[in-house]
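Chemist: Sharing a structure with you now.
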Amino acid sequence: MASVCGTLEVAVWRSASGRVAAWVDRCPHRGMRLSHGFVRGEMLSCIYHGWRFDGAGRCRKIPAHPDLDPPETIRTQSLACLDAQGVIWIASEAPAVAPPDLGNVVPLRSLTFEAGIDAVAAMTGEVPDRSLLRLDAHGPVPPLVLLLQALGPGRSAVHALAAPTGTGALVAASRALEDFRRRTEAQGIAA
Amino acid sequence: MTLPAAAIDEWYPVAMAPDRPLRPDQETTLLGERVRVLLDGQEPRVEANDGRNLPVIVRHGHVWTSLGAPKHDLFAIPEGEQPGRRLVECGAIRVRCSPLRAVENFLDIAHFPFVHTDILGSEPHTEVNRYEVRIREEVDEVWATKVTFYQPQAAKSAQGGITTEYMYRVPHPTCSVLYKTCPPRPGEWDIITLFVQPLEEDLCQVWPWMALFDDQTPQADLIQFQQMIFLQDRSILENQIPRLLPLDPGMEMPTRADLTSVAYRRWLKKRGYHYGAQLVAA
Amino acid sequence: MRPTLYDYVLSPSCYKARLMAALVGSELESVAVDFHPGGDHRKPEFLMLNPAGTLPVLTHGGLILTETTAMLVYLVRLAGRCEWLGGEDPASAARVQQWLAFSARLTASLGLARLHDMLGRPADIDAARWAGTLCLRELESALVENRLLGEDFLAGNAPTVADVACFPYVMLAPDGGVSLDPYPAIRAWTRRIRALPGFVEMPGIHRLHDLRPEPGEAEAAA
Ligand code: FES
Ligand SMILES: [Fe+2]
């Protein structure tokens with residue numbers, strides 16, 4: 001999948017055995033986005049000419065020259081990448097500190113907001129008005145942890161995790177997040 | 001930005017030739033400038049934004065014009081005149097990419113198994129055999145010859161897989177002509193071209209055109225086969241980074257299979273054709 | 001006698017009929033109509049068949065169908081593969097209808113943006129993309145909720161005509177300048193559809209090469 005780290009466009013992928021890696025989203029061959037690639041076993045192949053890269057980003061196969069052992073210099077540009085508590089964390093250089101402990105939560109969903117990260121952060125204090133939401137199936141919204149990621153000016157991603165709870169409450173939480181997005185974006189339009 | 005003479009003084013396709021009923025005037029863009037194509041039944045005319053009449057050539061099924069004053073004629077495709085060929089205009093498809101990236105993709109065969117899967121190529125037949133590339137100085141064109149590739153369904157008329165032979169010719173910075181084994185007529189070449197109209201440095205319109213020996217396949221099928229192939233490339237072209245074609249080595253890494261692309265980039269650089277190109281490695 | 005599809009290779013609506021036929025294992029006779037650049041769908045001969053001048057058209061014996069969702073239902077019933085129509089309880093049947101109706105909004109938004117970006121058709125491109133974005137957000141949320149309920153597809157745990165009706169314009173949204181990057185649940189759903197037995201592509205939708213083993217390697221996928 002495609003993501004963003006600061007100003008870098010990033011391809012994040014998971015191998016068959018579950019290992020995650022994050023690379024600059026550009027194939028060293030002809031610049032194709034690696035996030036469009038395909039995964040077979042422990043390697044990712046670029047969709048354009050099928051160059052195949054191992055988990056460390058080193059090119060292992062060039063299908064146009066099947067007998068060639070690709071030189072070690074052909075590699076993708078790797079970022080630091082960590083899979084913890086159901087969240088994939090990336091950094092352009094490995095940071096000294098570990099990601100925060102999020103407590104007892106499970107991933108719920110990720111949403112993209114047409115609003116800058118500061119605008120999103122500023123809205124997190126607001127309590128949603130749920131007076132219209134009268135679906136019996138939905139319970140009260142469980143406590144949520146929101147991880148904010150800047151995608152660029154005026155764009156951000158919100159990765160939401162929730163305390164483990166019943167399905168109905170999780171559905172309610174998902175709807176509350178959409179409500180939160182609508183209000184945050186409306187704020188931006190009003191401003 | 002001021003455009004380099006190499007880009008200004010060049011012919012570009014802007015419309016299909018009006019061999020059919022009158023068509024309304026068409027507004028289009030060329031090198032960032034609005035132009036108007038007038039197809040009112042007379043000879044086609046092209047007007048610049050300021051009302052200036054631009055030079056016009058009608059050839060290879062299309063109307064060609066120039067914002068400047070080309071000192072050379074538009075390239076010829078002599079084989080296209082052979083009797084018995086079907087001429088097929090495929091219309092324009094717009095792509096958010098550099099016109100030069102569109103041409104380079106057309107010159108590339110190594111992507112067939114992954115992008116044109118089970119049509120122009122398929123795994124495990126991914127190997128690109130040695131072929132010959134040179135810049136023919138006397139005509140100032142790039143030529144790649146003896147290009148061969150195993151293809152499951154090389155053309156609309158092909159039944160089953162064959163090893164196809166190709167020749168590529170680049171007679172123009174944004175146009176390429178492909179000569180390809182012609183299944184119904186051994187010894188002759190089918191002609192498939194890609195004429196690219198640069199709208200902006202990173203936006204273009206392609207006008208595929210074909211001159212084939214095929215009197216069986218309905219016209220609509222021929223057009224759709226070519227459109228299908230090109231549309232498979234479109235999603236690749238819109239996702240190459242950077243959008244502009246890097247002319248300096250270092251940013252992208254070619255192999256022996258990319259000799260045509262390497263020669264094309266070198267040729268563009270030598271001609272000073274930088275519209276849609278990136279000169280300094282980022 | 002097989003049904004005949006009046007077909008245009010780049011049309012996602014025509015592709016719905018081709019995909020449905022492939023998924024239920026039946027074959028269609030295809031007649032290519034020169035939509036672009038010829039505009040043959042607006043010519044008198046074609047209007048005799050379909051006065052609305054739209055593609056696709058499906059004919060079978062004396063039957064002429066011009067609405068894509070009707071074709072999907074017809075192809076499913078013809079093949080006797082009624083599981084593709086969804087469950088028979090009121091809620092399941094209604095959910096299928098809900099998404100069939102929703103698919104028209106995808107055509108009007110994402111489809112319009114695609115025609116603009118690809119074939120240069122006139123459109124208010126920002127409005128078309130934003131309407132498409134709102135559709136994708138709705139779809140994403142519904143798929144998130146379905147997953148929470150343990151369902152993989154739009155109307156339950158098995159694919160139906162609803163998935164076939166919505167998949168093409170969604171998958172081809174990037175053709176009209178609308179990225180699918182913001183929608184993880186949609187991307188997972190499209191991969192499930194692309195992995196269905198019998199699935200066929202259309203130009204702009206690449207083969208899911210992940211499903212094939214690497215040549216020269218032992219069945220790594222197993
Ligand atoms: S661009 Fe990635 S393999 Fe060629
Ligand atoms: Fe191609």
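Just remember, in the structure tokens the first chain shown is A, the second B, etc., residues are 1-based per chain, and ligands are 1-based in the order shown.
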Neighbours of Leu139 (chain C) within 10 Å (only C-alpha atoms; same-chain residues fewer than 4 positions away dropped), as a PyMOL selection string?
Modeler: chain C and resi 99+102+133-135+143-145+154+166+170+183+185-186
Chemist: Write down as a VMD selection string the residues of region 86-271 of chain B whose backbone DSSP state falls under strand (DSSP E).
Modeler: chain B and resid 86 to 89 93 to 95 132 to 136 141 to 151 162 to 172 175 to 181 189 to 200 203 to 212 245 to 246
Chemist: Check every protein, DNA and RNA residue against ligand 2, keep those with an atom at most 8 Å away (counting only C-alpha atoms and all ligand atoms), and present them as number ranges by chain.
Modeler: B: 105-106, 108-109, 111-112, 115-116, 229-230, 232-233
Chemist: Let's have the selection written as a short mmCIF file (atom, residue, chain, number, x, y, z; two decimals), in the first residue's frame, with N, CA and C atoms.
Modeler:
```
data_model
loop_
_atom_site.label_atom_id
_atom_site.label_comp_id
_atom_site.auth_asym_id
_atom_site.auth_seq_id
_atom_site.Cartn_x
_atom_site.Cartn_y
_atom_site.Cartn_z
N ASN B 105 7.72 4.02 -23.06
CA ASN B 105 6.94 2.82 -22.75
C ASN B 105 6.63 2.03 -24.02
N PHE B 106 6.36 2.76 -25.09
CA PHE B 106 6.03 2.10 -26.36
C PHE B 106 7.24 1.33 -26.90
N ASP B 108 9.35 -0.31 -25.18
CA ASP B 108 9.80 -1.28 -24.18
C ASP B 108 9.05 -2.61 -24.37
N ILE B 109 9.79 -3.71 -24.33
CA ILE B 109 9.09 -5.00 -24.43
C ILE B 109 9.12 -5.78 -23.12
N HIS B 111 8.10 -5.22 -20.33
CA HIS B 111 6.93 -5.13 -19.45
C HIS B 111 5.76 -5.99 -19.93
N PHE B 112 5.88 -6.57 -21.11
CA PHE B 112 4.74 -7.31 -21.67
C PHE B 112 4.15 -8.36 -20.73
N VAL B 115 2.30 -6.39 -17.68
CA VAL B 115 1.30 -5.35 -17.93
C VAL B 115 0.29 -5.80 -19.00
N HIS B 116 0.77 -6.55 -20.00
CA HIS B 116 -0.13 -7.06 -21.05
C HIS B 116 -0.23 -8.57 -20.92
N ILE B 229 -4.67 -2.43 -25.29
CA ILE B 229 -3.24 -2.48 -25.00
C ILE B 229 -2.79 -1.16 -24.39
N PHE B 230 -3.21 -0.06 -25.00
CA PHE B 230 -2.72 1.21 -24.48
C PHE B 230 -3.26 1.51 -23.08
N GLN B 232 -3.84 -0.56 -20.80
CA GLN B 232 -3.07 -1.32 -19.80
C GLN B 232 -1.80 -0.55 -19.43
N ASP B 233 -1.25 0.18 -20.39
CA ASP B 233 -0.06 0.98 -20.10
C ASP B 233 -0.38 2.25 -19.33
#
```
Chemist: What are the residues of chain B that have an atom within 8 Å of an atom of chain A, counting only C-alpha atoms, as a list in words?
Modeler: Ala110, His111, Phe112, Pro113, Phe114, Val115, Thr126, Glu127, Val128, Ile236, Asn239, Gln240, Ile241, Pro242, Met251, Glu252, Met253, Pro254 and Ala257 of chain B
Chemist: Atoms to include: N, CA and C atoms. Write the selected residues as a PDB file, in the first residue's frame.
Modeler:
```pdb
ATOM      1  N   ALA B 110      10.052  -5.425 -22.223  1.00  0.00           N
ATOM      2  CA  ALA B 110      10.228  -6.223 -21.003  1.00  0.00           C
ATOM      3  C   ALA B 110       8.991  -6.188 -20.106  1.00  0.00           C
ATOM      4  N   HIS B 111       8.101  -5.219 -20.332  1.00  0.00           N
ATOM      5  CA  HIS B 111       6.926  -5.128 -19.452  1.00  0.00           C
ATOM      6  C   HIS B 111       5.761  -5.987 -19.926  1.00  0.00           C
ATOM      7  N   PHE B 112       5.878  -6.566 -21.111  1.00  0.00           N
ATOM      8  CA  PHE B 112       4.744  -7.307 -21.671  1.00  0.00           C
ATOM      9  C   PHE B 112       4.148  -8.365 -20.729  1.00  0.00           C
ATOM     10  N   PRO B 113       4.961  -9.228 -20.099  1.00  0.00           N
ATOM     11  CA  PRO B 113       4.357 -10.292 -19.289  1.00  0.00           C
ATOM     12  C   PRO B 113       3.593  -9.775 -18.072  1.00  0.00           C
ATOM     13  N   PHE B 114       3.960  -8.582 -17.586  1.00  0.00           N
ATOM     14  CA  PHE B 114       3.368  -8.104 -16.338  1.00  0.00           C
ATOM     15  C   PHE B 114       2.234  -7.117 -16.579  1.00  0.00           C
ATOM     16  N   VAL B 115       2.304  -6.389 -17.684  1.00  0.00           N
ATOM     17  CA  VAL B 115       1.303  -5.347 -17.932  1.00  0.00           C
ATOM     18  C   VAL B 115       0.291  -5.796 -19.005  1.00  0.00           C
ATOM     19  N   THR B 126       9.809 -14.426 -19.972  1.00  0.00           N
ATOM     20  CA  THR B 126      10.080 -13.023 -19.682  1.00  0.00           C
ATOM     21  C   THR B 126      11.409 -12.535 -20.261  1.00  0.00           C
ATOM     22  N   GLU B 127      12.191 -13.458 -20.796  1.00  0.00           N
ATOM     23  CA  GLU B 127      13.535 -13.079 -21.218  1.00  0.00           C
ATOM     24  C   GLU B 127      13.508 -12.161 -22.445  1.00  0.00           C
ATOM     25  N   VAL B 128      14.344 -11.131 -22.405  1.00  0.00           N
ATOM     26  CA  VAL B 128      14.513 -10.256 -23.566  1.00  0.00           C
ATOM     27  C   VAL B 128      15.835 -10.630 -24.224  1.00  0.00           C
ATOM     28  N   ILE B 236       0.237   2.461 -15.658  1.00  0.00           N
ATOM     29  CA  ILE B 236       1.673   2.472 -15.360  1.00  0.00           C
ATOM     30  C   ILE B 236       2.200   3.900 -15.546  1.00  0.00           C
ATOM     31  N   ASN B 239       1.838   6.494 -13.002  1.00  0.00           N
ATOM     32  CA  ASN B 239       2.411   6.214 -11.686  1.00  0.00           C
ATOM     33  C   ASN B 239       3.918   6.051 -11.700  1.00  0.00           C
ATOM     34  N   GLN B 240       4.577   6.668 -12.672  1.00  0.00           N
ATOM     35  CA  GLN B 240       6.033   6.690 -12.655  1.00  0.00           C
ATOM     36  C   GLN B 240       6.493   7.979 -11.988  1.00  0.00           C
ATOM     37  N   ILE B 241       7.527   7.855 -11.164  1.00  0.00           N
ATOM     38  CA  ILE B 241       8.054   9.009 -10.440  1.00  0.00           C
ATOM     39  C   ILE B 241       9.522   9.185 -10.821  1.00  0.00           C
ATOM     40  N   PRO B 242       9.992  10.354 -11.197  1.00  0.00           N
ATOM     41  CA  PRO B 242       9.203  11.570 -11.389  1.00  0.00           C
ATOM     42  C   PRO B 242       8.388  11.491 -12.675  1.00  0.00           C
ATOM     43  N   MET B 251      19.649   8.428 -12.080  1.00  0.00           N
ATOM     44  CA  MET B 251      18.402   8.368 -11.333  1.00  0.00           C
ATOM     45  C   MET B 251      17.679   7.039 -11.567  1.00  0.00           C
ATOM     46  N   GLU B 252      17.799   6.522 -12.778  1.00  0.00           N
ATOM     47  CA  GLU B 252      17.141   5.254 -13.089  1.00  0.00           C
ATOM     48  C   GLU B 252      18.185   4.303 -13.659  1.00  0.00           C
ATOM     49  N   MET B 253      17.918   3.008 -13.523  1.00  0.00           N
ATOM     50  CA  MET B 253      18.950   2.027 -13.767  1.00  0.00           C
ATOM     51  C   MET B 253      18.578   1.094 -14.918  1.00  0.00           C
ATOM     52  N   PRO B 254      19.159   1.299 -16.100  1.00  0.00           N
ATOM     53  CA  PRO B 254      18.791   0.445 -17.227  1.00  0.00           C
ATOM     54  C   PRO B 254      19.568  -0.870 -17.240  1.00  0.00           C
ATOM     55  N   ALA B 257      18.183  -4.970 -21.631  1.00  0.00           N
ATOM     56  CA  ALA B 257      16.857  -4.965 -22.250  1.00  0.00           C
ATOM     57  C   ALA B 257      16.390  -3.543 -22.566  1.00  0.00           C
TER      58      ALA B 257
END
```
Chemist: Could the residues of chain C within 9 Å of chain A, counting only C-alpha atoms, be given as a VMD selection string, please?
Modeler: chain C and resid 137 141 144 to 145 148 to 149 181 to 185 206 208 to 214 220 to 221
Chemist: List as a PyMOL selection string the protein and nucleic acid residues near region 216-220 of chain B, meaning an atom at most 8 Å away when only C-alpha atoms are counted, but skip any in the same chain fewer than 5 places from it.
Modeler: (chain B and resi 88+156-157) or (chain C and resi 32-34)
Chemist: Given a cut-off of 9 Å, which residues of chain C touch chain B, counting only C-alpha atoms, written out as an MDAnalysis selection string?
Modeler: chainID C and resid 8:10 31:38 116:120 174:175 202:207 209 214:216
Chemist: Could you tell me which of B:Tyr273, B:Trp207, B:Trp11, B:Tyr166 comes closest to Ala102 (chain B) if we count only C-alpha atoms?
Modeler: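 The closest residue to Ala102 (chain B) is B:Trp207.
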Chemist: In terms of the shortest atom-to-atom distance over only C-alpha atoms, which of B:Val35, B:Ile191, B:Val170, B:Val280 is closest to Ala263 (chain B)?
Modeler: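 Between B:Val35, B:Ile191, B:Val170, B:Val280, the residue approaching Ala263 (chain B) most closely is B:Val170.
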Chemist: Could you work out how far CA of Arg2 (chain C) lies from CA of Pro159 (chain C), giving the answer in Å with one decimal?
Modeler: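 Spanning CA of Pro159 (chain C) to CA of Arg2 (chain C) is a straight-line distance of 24.2 Å.
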Chemist: Enumerate as a VMD selection string all residues of region 6-251 of chain B assigned to helix (DSSP H, G or I) by DSSP on the backbone, naming them with the chain letters and numbers the document uses.
Modeler: chain B and resid 6 to 8 78 to 81 99 to 106 112 to 115 219 to 237
Chemist: List the neighbours of Pro186 (chain B) out to 12 Å using only C-alpha atoms; skip same-chain residues closer than 3 positions along the sequence, and give me the result as a PyMOL selection string.
Modeler: chain B and resi 164-165+180-183+189-190+213
Chemist: How about saving the chosen residues, N, CA, C and O atoms kept, as a CSV table (one decimal), in the first residue's frame?
Modeler:
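Heads up, here's the output in part_5.csv:
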```csv
chain,number,residue,atom,x,y,z
B,164,THR,N,7.3,-13.3,-31.8
B,164,THR,CA,7.1,-12.1,-32.7
B,164,THR,C,8.4,-11.4,-32.9
B,164,THR,O,9.2,-11.3,-32.0
B,165,GLU,N,8.6,-10.9,-34.1
B,165,GLU,CA,9.8,-10.0,-34.3
B,165,GLU,C,9.3,-8.6,-34.5
B,165,GLU,O,8.3,-8.3,-35.2
B,180,LYS,N,6.1,-4.9,-37.1
B,180,LYS,CA,5.9,-6.1,-36.4
B,180,LYS,C,5.5,-7.3,-37.3
B,180,LYS,O,4.8,-7.1,-38.2
B,181,THR,N,6.0,-8.5,-37.0
B,181,THR,CA,5.6,-9.7,-37.7
B,181,THR,C,4.1,-9.7,-38.0
B,181,THR,O,3.3,-9.4,-37.1
B,182,CYS,N,3.8,-10.0,-39.2
B,182,CYS,CA,2.4,-9.9,-39.6
B,182,CYS,C,1.9,-11.4,-39.8
B,182,CYS,O,2.2,-12.0,-40.8
B,183,PRO,N,1.1,-11.9,-38.9
B,183,PRO,CA,0.8,-13.3,-39.0
B,183,PRO,C,0.2,-13.8,-40.3
B,183,PRO,O,0.6,-14.8,-40.8
B,189,TRP,N,5.5,-6.6,-42.8
B,189,TRP,CA,5.4,-6.0,-41.5
B,189,TRP,C,4.1,-5.3,-41.3
B,189,TRP,O,3.7,-4.5,-42.1
B,190,ASP,N,3.5,-5.5,-40.2
B,190,ASP,CA,2.4,-4.7,-39.8
B,190,ASP,C,3.0,-3.4,-39.2
B,190,ASP,O,4.1,-3.4,-38.6
B,213,PHE,N,-2.0,-5.5,-42.6
B,213,PHE,CA,-2.6,-6.4,-43.5
B,213,PHE,C,-3.6,-7.3,-42.8
B,213,PHE,O,-3.2,-8.3,-42.1
```
Chemist: From the set B:Arg265, B:Leu237, B:Ile77, B:Ala277, which residue has the shortest atom-to-atom contact distance to ligand 1, counting only C-alpha atoms and all ligand atoms?
Modeler: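 Closest to ligand 1, using only C-alpha atoms and all ligand atoms: B:Leu237.
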Chemist: With distances taken over only C-alpha atoms, which of C:Pro168, C:Pro3, C:Gly86, C:Gly61 is nearest to Ala155 (chain C)?
Modeler: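 Selected residue with least distance to Ala155 (chain C): C:Gly86.
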